[in-house]
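Coordinates from work-v8.tsv are shown below (TSV, C-alpha atoms and all ligand atoms).
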chain	number	residue	atom	x	y	z
I	1	MET	CA	30.27	25.19	-10.29
I	2	ASP	CA	28.35	24.26	-7.12
I	3	ALA	CA	30.05	21.99	-4.62
I	4	ILE	CA	28.91	18.36	-4.85
I	5	PRO	CA	26.65	17.64	-1.84
I	6	VAL	CA	28.38	15.63	0.83
I	7	SER	CA	25.86	15.07	3.64
I	8	GLN	CA	24.03	11.77	3.33
I	9	SER	CA	20.68	13.52	3.67
I	10	GLU	CA	21.49	15.87	0.77
I	11	HIS	CA	22.88	12.97	-1.20
I	12	TRP	CA	19.78	10.78	-0.88
I	13	ASN	CA	17.29	13.65	-1.13
I	14	GLY	CA	19.08	14.95	-4.24
I	15	THR	CA	20.64	13.47	-7.36
I	16	SER	CA	21.34	10.01	-5.92
I	17	GLY	CA	17.86	9.53	-4.47
I	18	ASN	CA	16.29	10.68	-7.74
I	19	ALA	CA	18.48	8.24	-9.70
I	20	TRP	CA	17.36	5.35	-7.45
I	21	VAL	CA	13.75	6.42	-8.02
I	22	ASP	CA	14.17	6.57	-11.81
I	23	LEU	CA	16.07	3.26	-11.98
I	24	ARG	CA	14.10	1.41	-9.29
I	25	GLU	CA	12.82	-1.36	-11.55
I	26	THR	CA	16.30	-2.04	-12.94
I	27	LEU	CA	17.84	-2.00	-9.46
I	28	ASP	CA	15.14	-4.23	-7.96
I	29	ASP	CA	15.66	-6.74	-10.80
I	30	MET	CA	19.43	-6.55	-10.39
I	31	PHE	CA	19.34	-7.15	-6.63
I	32	ARG	CA	16.56	-9.79	-6.66
I	33	GLY	CA	18.99	-12.47	-5.47
I	34	ILE	CA	19.77	-10.51	-2.32
I	35	GLU	CA	16.09	-9.79	-1.72
I	36	THR	CA	15.41	-13.54	-1.96
I	37	LEU	CA	18.10	-14.36	0.60
I	38	LEU	CA	16.73	-11.78	3.05
I	39	VAL	CA	13.13	-12.93	2.61
I	40	GLU	CA	13.94	-16.64	2.93
I	41	GLY	CA	15.30	-16.01	6.42
I	42	LEU	CA	11.97	-14.65	7.70
I	43	ASP	CA	8.74	-16.27	8.91
I	44	THR	CA	5.07	-15.38	8.69
I	45	GLY	CA	3.98	-13.05	11.46
I	46	GLN	CA	7.39	-11.57	12.22
I	47	ARG	CA	7.48	-7.81	12.73
I	48	VAL	CA	10.23	-6.65	10.37
I	49	LEU	CA	11.92	-3.29	9.84
I	50	ASP	CA	13.80	-2.73	6.55
I	51	VAL	CA	16.50	-0.14	7.28
I	52	GLY	CA	17.44	2.23	4.44
I	53	CYS	CA	14.58	0.70	2.46
I	54	GLY	CA	14.80	3.13	-0.46
I	55	THR	CA	11.89	2.74	-2.88
I	56	GLY	CA	10.70	-0.27	-0.90
I	57	GLY	CA	11.15	-3.19	-3.29
I	58	ALA	CA	12.68	-5.46	-0.66
I	59	THR	CA	10.26	-4.20	2.03
I	60	LEU	CA	7.30	-5.25	-0.10
I	61	ALA	CA	8.86	-8.67	-0.69
I	62	VAL	CA	9.30	-9.04	3.08
I	63	ALA	CA	5.69	-8.02	3.68
I	64	ARG	CA	4.46	-10.64	1.21
I	65	ARG	CA	6.36	-13.23	3.24
I	66	THR	CA	5.57	-12.10	6.79
I	67	GLY	CA	2.18	-10.45	6.38
I	68	HIS	CA	3.42	-6.95	7.19
I	69	ALA	CA	6.62	-4.91	7.08
I	70	THR	CA	7.89	-1.43	7.87
I	71	GLY	CA	10.50	0.44	5.86
I	72	VAL	CA	12.49	3.45	7.05
I	73	ASP	CA	14.57	5.73	4.86
I	74	ILE	CA	16.06	9.21	5.03
I	75	SER	CA	15.10	9.98	1.41
I	76	ALA	CA	11.74	11.71	0.92
I	77	PRO	CA	11.51	11.00	-2.84
I	78	MET	CA	12.32	7.32	-2.34
I	79	ILE	CA	9.84	6.92	0.53
I	80	ALA	CA	7.13	8.65	-1.53
I	81	VAL	CA	7.58	6.00	-4.25
I	82	ALA	CA	7.58	3.19	-1.69
I	83	GLN	CA	4.31	4.46	-0.18
I	84	ALA	CA	2.70	4.86	-3.59
I	85	THR	CA	3.73	1.34	-4.64
I	86	ALA	CA	2.36	-0.19	-1.44
I	87	ALA	CA	-0.92	1.66	-1.92
I	88	ALA	CA	-1.16	0.66	-5.59
I	89	THR	CA	-0.38	-3.02	-4.99
I	90	GLY	CA	-2.22	-3.45	-1.69
I	91	VAL	CA	0.85	-5.03	-0.09
I	92	PRO	CA	0.67	-4.55	3.70
I	93	ALA	CA	3.72	-2.37	4.28
I	94	GLN	CA	4.17	1.02	5.91
I	95	PHE	CA	6.96	3.49	5.31
I	96	LEU	CA	8.58	6.12	7.44
I	97	CYS	CA	10.82	8.97	6.24
I	98	ALA	CA	13.39	9.37	9.01
I	99	ASP	CA	17.07	9.10	9.87
I	100	ALA	CA	17.22	5.49	11.15
I	101	SER	CA	20.35	6.27	13.16
I	102	GLN	CA	18.46	8.66	15.45
I	103	TYR	CA	14.75	7.98	15.12
I	104	SER	CA	13.00	6.99	18.37
I	105	PHE	CA	11.48	3.65	17.37
I	106	ALA	CA	9.10	2.12	19.90
I	107	PRO	CA	11.35	-0.07	22.09
I	108	ALA	CA	11.39	-3.79	21.23
I	109	SER	CA	8.76	-3.25	18.57
I	110	PHE	CA	10.39	-5.48	15.91
I	111	ASP	CA	11.41	-9.14	15.76
I	112	ALA	CA	13.89	-8.62	12.94
I	113	LEU	CA	15.79	-5.87	11.15
I	114	VAL	CA	16.89	-6.39	7.56
I	115	SER	CA	18.69	-4.25	5.02
I	116	ARG	CA	19.81	-4.52	1.43
I	117	PHE	CA	22.73	-2.10	1.16
I	118	GLY	CA	21.02	0.47	3.41
I	119	VAL	CA	23.24	0.63	6.52
I	120	MET	CA	26.64	1.84	5.25
I	121	PHE	CA	25.76	5.53	5.33
I	122	PHE	CA	25.57	6.43	9.03
I	123	ASP	CA	27.84	9.23	10.28
I	124	ASP	CA	28.20	7.46	13.65
I	125	PRO	CA	27.62	3.75	12.92
I	126	VAL	CA	28.05	2.58	16.52
I	127	ALA	CA	25.39	5.00	17.75
I	128	ALA	CA	23.16	4.08	14.82
I	129	PHE	CA	23.33	0.32	15.41
I	130	ALA	CA	22.83	0.88	19.15
I	131	ASN	CA	19.70	2.89	18.37
I	132	LEU	CA	18.46	0.20	15.98
I	133	ARG	CA	19.14	-2.52	18.57
I	134	LEU	CA	16.69	-0.86	20.97
I	135	ALA	CA	13.97	-1.21	18.33
I	136	VAL	CA	14.35	-5.02	18.42
I	137	ARG	CA	13.06	-7.34	21.13
I	138	SER	CA	15.52	-9.42	23.13
I	139	GLY	CA	16.51	-12.35	20.93
I	140	GLY	CA	15.47	-10.50	17.79
I	141	THR	CA	17.71	-10.55	14.76
I	142	LEU	CA	19.63	-8.28	12.44
I	143	ARG	CA	20.55	-9.32	8.90
I	144	PHE	CA	22.00	-7.06	6.25
I	145	PHE	CA	23.97	-7.21	3.04
I	146	ALA	CA	26.84	-4.78	2.48
I	147	TRP	CA	29.48	-4.50	-0.24
I	148	ARG	CA	32.94	-5.99	0.17
I	149	THR	CA	35.82	-4.00	-1.36
I	150	ALA	CA	35.69	-1.91	-4.52
I	151	GLU	CA	38.45	-4.17	-5.91
I	152	GLU	CA	36.17	-7.20	-5.50
I	153	ASN	CA	33.31	-5.29	-7.15
I	154	PRO	CA	34.78	-3.97	-10.43
I	155	PHE	CA	31.33	-3.57	-11.97
I	156	MET	CA	30.46	-0.95	-9.37
I	157	THR	CA	33.40	1.29	-10.20
I	158	ALA	CA	33.62	0.68	-13.98
I	159	ALA	CA	32.22	4.08	-14.99
I	160	GLU	CA	34.23	6.18	-12.55
I	161	ARG	CA	37.46	4.36	-13.40
I	162	ALA	CA	36.86	5.06	-17.10
I	163	VAL	CA	35.83	8.72	-16.97
I	164	GLY	CA	36.62	9.94	-13.45
I	165	ALA	CA	39.62	11.96	-14.59
I	166	GLN	CA	37.35	13.99	-16.89
I	167	LEU	CA	34.87	14.89	-14.13
I	168	PRO	CA	35.02	17.76	-11.63
I	169	PRO	CA	37.08	16.74	-8.58
I	170	GLN	CA	35.03	15.09	-5.82
I	171	PRO	CA	35.66	15.70	-2.12
I	172	PRO	CA	38.39	13.34	-0.87
I	173	ARG	CA	36.97	10.24	0.84
I	174	LYS	CA	38.49	8.09	3.54
I	175	ALA	CA	37.75	4.34	3.54
I	176	ASP	CA	35.63	4.60	6.70
I	177	ASP	CA	33.57	7.59	5.56
I	178	PRO	CA	29.88	6.82	5.08
I	179	GLY	CA	29.40	5.35	1.63
I	180	GLN	CA	28.96	2.29	-0.53
I	181	PHE	CA	32.21	0.57	0.49
I	182	SER	CA	32.45	1.78	4.10
I	183	PHE	CA	31.69	-1.75	5.42
I	184	ALA	CA	34.24	-3.49	3.19
I	185	ASP	CA	36.44	-4.28	6.20
I	186	ALA	CA	34.72	-7.13	8.07
I	187	ARG	CA	36.75	-6.52	11.24
I	188	ARG	CA	35.49	-2.94	11.32
I	189	VAL	CA	31.89	-4.11	10.86
I	190	HIS	CA	32.30	-6.65	13.67
I	191	GLY	CA	33.70	-3.92	15.92
I	192	ILE	CA	30.82	-1.57	15.15
I	193	LEU	CA	28.16	-4.18	15.90
I	194	ALA	CA	29.87	-5.41	19.06
I	195	ALA	CA	30.30	-1.85	20.36
I	196	ALA	CA	26.61	-1.22	19.61
I	197	GLY	CA	25.65	-4.16	21.84
I	198	TRP	CA	24.80	-6.83	19.25
I	199	ARG	CA	25.71	-10.47	19.96
I	200	ASP	CA	26.28	-13.67	17.91
I	201	ILE	CA	27.79	-11.59	15.11
I	202	ARG	CA	28.52	-13.47	11.88
I	203	ILE	CA	30.00	-11.89	8.78
I	204	ASP	CA	30.08	-14.31	5.85
I	205	PRO	CA	31.25	-13.57	2.31
I	206	ARG	CA	28.49	-14.12	-0.20
I	207	ASP	CA	28.75	-13.72	-4.00
I	208	VAL	CA	25.40	-13.00	-5.58
I	209	ALA	CA	24.68	-13.14	-9.32
I	210	CYS	CA	23.13	-9.92	-10.65
I	211	VAL	CA	21.55	-9.42	-14.08
I	212	PHE	CA	19.61	-6.68	-15.84
I	213	PRO	CA	18.63	-5.88	-19.45
I	214	GLN	CA	21.34	-4.38	-21.66
I	215	ARG	CA	18.85	-1.75	-22.84
I	216	ASP	CA	19.03	-0.20	-19.34
I	217	LEU	CA	22.83	0.04	-19.34
I	218	GLU	CA	23.26	3.61	-20.62
I	219	ARG	CA	20.87	4.95	-17.99
I	220	TYR	CA	22.60	2.89	-15.29
I	221	ALA	CA	26.09	3.94	-16.40
I	222	THR	CA	25.24	7.64	-16.48
I	223	MET	CA	22.88	8.05	-13.52
I	224	MET	CA	24.48	6.06	-10.70
I	225	GLY	CA	27.41	6.77	-8.38
I	226	PRO	CA	29.97	9.56	-8.72
I	227	VAL	CA	29.52	9.73	-12.49
I	228	GLY	CA	25.76	10.12	-12.14
I	229	ARG	CA	26.25	12.90	-9.61
I	230	ALA	CA	28.79	14.76	-11.74
I	231	LEU	CA	27.25	14.54	-15.22
I	232	PRO	CA	24.33	16.95	-14.59
I	233	ARG	CA	26.93	19.58	-13.69
I	234	LEU	CA	28.61	19.40	-17.09
I	235	ASP	CA	27.54	21.20	-20.24
I	236	ALA	CA	25.93	19.30	-23.11
I	237	ALA	CA	29.15	18.96	-25.15
I	238	GLU	CA	31.08	17.59	-22.15
I	239	ARG	CA	28.29	15.11	-21.39
I	240	ALA	CA	28.11	13.97	-25.02
I	241	ALA	CA	31.82	13.16	-24.92
I	242	ILE	CA	31.69	11.26	-21.62
I	243	VAL	CA	28.44	9.23	-21.84
I	244	PRO	CA	29.64	6.77	-24.53
I	245	GLN	CA	32.89	6.20	-22.63
I	246	ALA	CA	31.00	5.50	-19.40
I	247	GLU	CA	28.75	2.98	-21.13
I	248	ALA	CA	31.67	1.34	-22.96
I	249	ALA	CA	33.39	0.72	-19.62
I	250	PHE	CA	30.77	-1.96	-18.91
I	251	ALA	CA	31.52	-3.94	-22.09
I	252	PRO	CA	33.15	-6.82	-20.14
I	253	PHE	CA	29.83	-7.37	-18.35
I	254	VAL	CA	27.57	-7.40	-21.43
I	255	ASP	CA	26.30	-10.85	-22.37
I	256	GLY	CA	24.00	-10.57	-25.39
I	257	ASP	CA	20.95	-8.58	-24.37
I	258	SER	CA	21.80	-8.84	-20.66
I	259	VAL	CA	24.34	-7.31	-18.29
I	260	ARG	CA	25.75	-9.76	-15.75
I	261	TYR	CA	28.07	-9.32	-12.79
I	262	THR	CA	28.74	-10.75	-9.36
I	263	ALA	CA	27.98	-8.71	-6.25
I	264	ALA	CA	30.73	-9.45	-3.72
I	265	CYS	CA	28.92	-8.93	-0.43
I	266	TRP	CA	29.07	-9.49	3.29
I	267	ASP	CA	26.05	-11.37	4.63
I	268	VAL	CA	25.93	-10.04	8.19
I	269	THR	CA	23.79	-11.45	10.99
I	270	ALA	CA	23.53	-10.65	14.70
I	271	THR	CA	21.19	-11.03	17.65
I	272	ALA	CA	19.91	-8.49	20.17
I	273	PRO	CA	20.78	-9.60	23.76
P	301	LIG	C1	22.06	1.88	-1.68
P	301	LIG	S1	20.47	2.48	-1.25
P	301	LIG	C2	19.60	0.96	-0.93
P	301	LIG	C3	18.11	1.13	-0.97
P	301	LIG	C4	17.29	-0.16	-0.75
P	301	LIG	N1	17.66	-0.84	0.47
P	301	LIG	C5	17.39	-1.09	-1.92
P	301	LIG	O1	18.09	-2.11	-1.85
P	301	LIG	O2	16.75	-0.80	-2.95
P	301	LIG	C6	20.81	3.07	0.41
P	301	LIG	C7	19.59	3.64	1.10
P	301	LIG	O3	19.94	4.01	2.45
P	301	LIG	C8	19.23	5.19	2.78
P	301	LIG	N2	19.85	5.84	3.93
P	301	LIG	C9	21.08	6.41	4.01
P	301	LIG	N3	21.29	6.92	5.24
P	301	LIG	C10	20.17	6.66	5.96
P	301	LIG	C11	19.77	6.94	7.30
P	301	LIG	N4	20.58	7.58	8.16
P	301	LIG	N5	18.54	6.54	7.70
P	301	LIG	C12	17.70	5.89	6.86
P	301	LIG	N6	18.03	5.61	5.58
P	301	LIG	C13	19.25	5.98	5.14
P	301	LIG	C14	19.28	5.99	1.49
P	301	LIG	O4	18.34	7.03	1.43
P	301	LIG	C15	19.05	4.90	0.44
P	301	LIG	O5	17.70	4.74	0.15

Translate this structure into structure tokens?
Ligand SMILES: C[S@@+](CC[C@H](N)C(=O)[O-])C[C@H]1O[C@@H](n2cnc3c(N)ncnc32)[C@H](O)[C@@H]1O
Amino acid sequence: MDAIPVSQSEHWNGTSGNAWVDLRETLDDMFRGIETLLVEGLDTGQRVLDVGCGTGGATLAVARRTGHATGVDISAPMIAVAQATAAATGVPAQFLCADASQYSFAPASFDALVSRFGVMFFDDPVAAFANLRLAVRSGGTLRFFAWRTAEENPFMTAAERAVGAQLPPQPPRKADDPGQFSFADARRVHGILAAAGWRDIRIDPRDVACVFPQRDLERYATMMGPVGRALPRLDAAERAAIVPQAEAAFAPFVDGDSVRYTAACWDVTATAP
């Protein structure tokens, strides 16, 4: 069996990126509350960069608010969808496929950076946030949402807790390794931003209600996260045994024809000096 990809570029240009493309409507619906919070903080005319923009749902919402927005993401399949959606809808947004941690943005070319769960994946987060700071004018702002701990977000780990023991072993992960929960420790996040030169750092807990149709649950349960990455590597009989168990793990979150959970997040803001 092939090793499971570990670099973030492989990850987001492979199975995980394709899953986000396939499930983009479900995920955009699910995270609408976070999109709303990000958009409400912006004004018409601001030059905004959405970091780790994925398939661009939040970027387009920002562009509708401000008049224009730019999204950057390391995933070619996700950026292709974002570009196609902008073209099809006529929303004034542009998209760039690049590693945001290293890309040479024009200095001070943005008034605000935003991100919905797109900044927890940098190999060197201090260098990445220092690079991003240079893209923002003096006095410009940073605002992003990141996950608090896995324990506070049981929905997110329901499938892997239920069937993880039946899946091929995954590479061991340390808490600070790039990944979904790598910003769970607020003190660490504060340290990263301060070392990267950001000021006026605030890290507030925010619980956001998330909902999506129950009919999308099987696809969500079997395509996302470690389970989604492992299942394609199993044979048909193994998959057939695991898929119902993965879906059943979400039973506590099913409410009629909807799935509901709370996203336990950090709402992080900072200013460029
Ligand atoms: C959890 S997804 C969130 C996507 C999007 N913000 C949303 O809410 O739909 C994380 C995103 O970060 C992107 N990403 C990871 N590392 C990156 C990097 N170094 N530069 C740019 N994007 C990156 C991934 O490709 C992925 O699209």

Residues contacting ligand LIG 301 (chain P) - anything with an atom at most 8 Å away, using all atoms listed in the file - can you give me those as a ChimeraX atom specification?
/I:8-9,11-13,17,20,24,27-28,31,35,50-58,72-75,78,97-102,115-123,128,180

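Close contacts of Arg215 of chain I, defined as residues with an atom at most 12 Å away when counting all atoms listed in the file, with chain neighbours fewer than 5 positions off set aside, comprise Thr26, Tyr220, Ala221, Glu247, Val254, Asp255, Gly256, Asp257, Ser258 and Val259 of chain I.
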
Correct to one decimal, the distance atom CA of Ser138 of chain I-atom CA of Ser104 of chain I is 17.3 Å

Atom-to-atom span, atom CA of Ile201 of chain I and atom CA of His68 of chain I, Å:
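Those two atoms sit 26.0 Å apart.
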
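Here atom CA of Ala241 of chain I is placed at a distance of 19.5 Å from atom CA of Gln170 of chain I.
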
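Distance annotation: of I:Leu132, I:Ala86, I:Met224, I:Ile203, the residue with the minimal separation from Ala186 of chain I is I:Ile203; atom set is only C-alpha atoms.
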
Just give me the residues with any atom within 9 Å of (6.3, 6.2, 0.7), file coordinates, counting all atoms listed in the file, written as a PyMOL selection string.
chain I and resi 55-56+71+76-87+94-97

Neighbouring residues of Ala270 of chain I were defined as those with any atom within 9 Å, considering all atoms listed in the file; residues of the same chain fewer than 2 positions away were excluded. Please report them as a list in words.
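That gives Gly140, Thr141, Leu142, Arg143, Leu193, Trp198, Arg199, Asp200, Ile201, Arg202, Ile203, Val268 and Ala272 of chain I.
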
Expected file contents, prior selection, C-alpha atoms, as an mmCIF file, keeping the file's coordinate frame:
data_model
loop_
_atom_site.group_PDB
_atom_site.id
_atom_site.type_symbol
_atom_site.label_atom_id
_atom_site.label_comp_id
_atom_site.auth_asym_id
_atom_site.auth_seq_id
_atom_site.Cartn_x
_atom_site.Cartn_y
_atom_site.Cartn_z
ATOM 1 C CA GLY I 140 15.470 -10.500 17.790
ATOM 2 C CA THR I 141 17.710 -10.550 14.760
ATOM 3 C CA LEU I 142 19.630 -8.280 12.440
ATOM 4 C CA ARG I 143 20.550 -9.320 8.900
ATOM 5 C CA LEU I 193 28.160 -4.180 15.900
ATOM 6 C CA TRP I 198 24.800 -6.830 19.250
ATOM 7 C CA ARG I 199 25.710 -10.470 19.960
ATOM 8 C CA ASP I 200 26.280 -13.670 17.910
ATOM 9 C CA ILE I 201 27.790 -11.590 15.110
ATOM 10 C CA ARG I 202 28.520 -13.470 11.880
ATOM 11 C CA ILE I 203 30.000 -11.890 8.780
ATOM 12 C CA VAL I 268 25.930 -10.040 8.190
ATOM 13 C CA ALA I 272 19.910 -8.490 20.170
#

Rank I:Ala230, I:Ala209, I:Ala158, I:Cys265 by their smallest atom-to-atom distance to Ala248 of chain I, using only C-alpha atoms, and report the top residue only.
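Closest to Ala248 of chain I of all the choices is I:Ala158.
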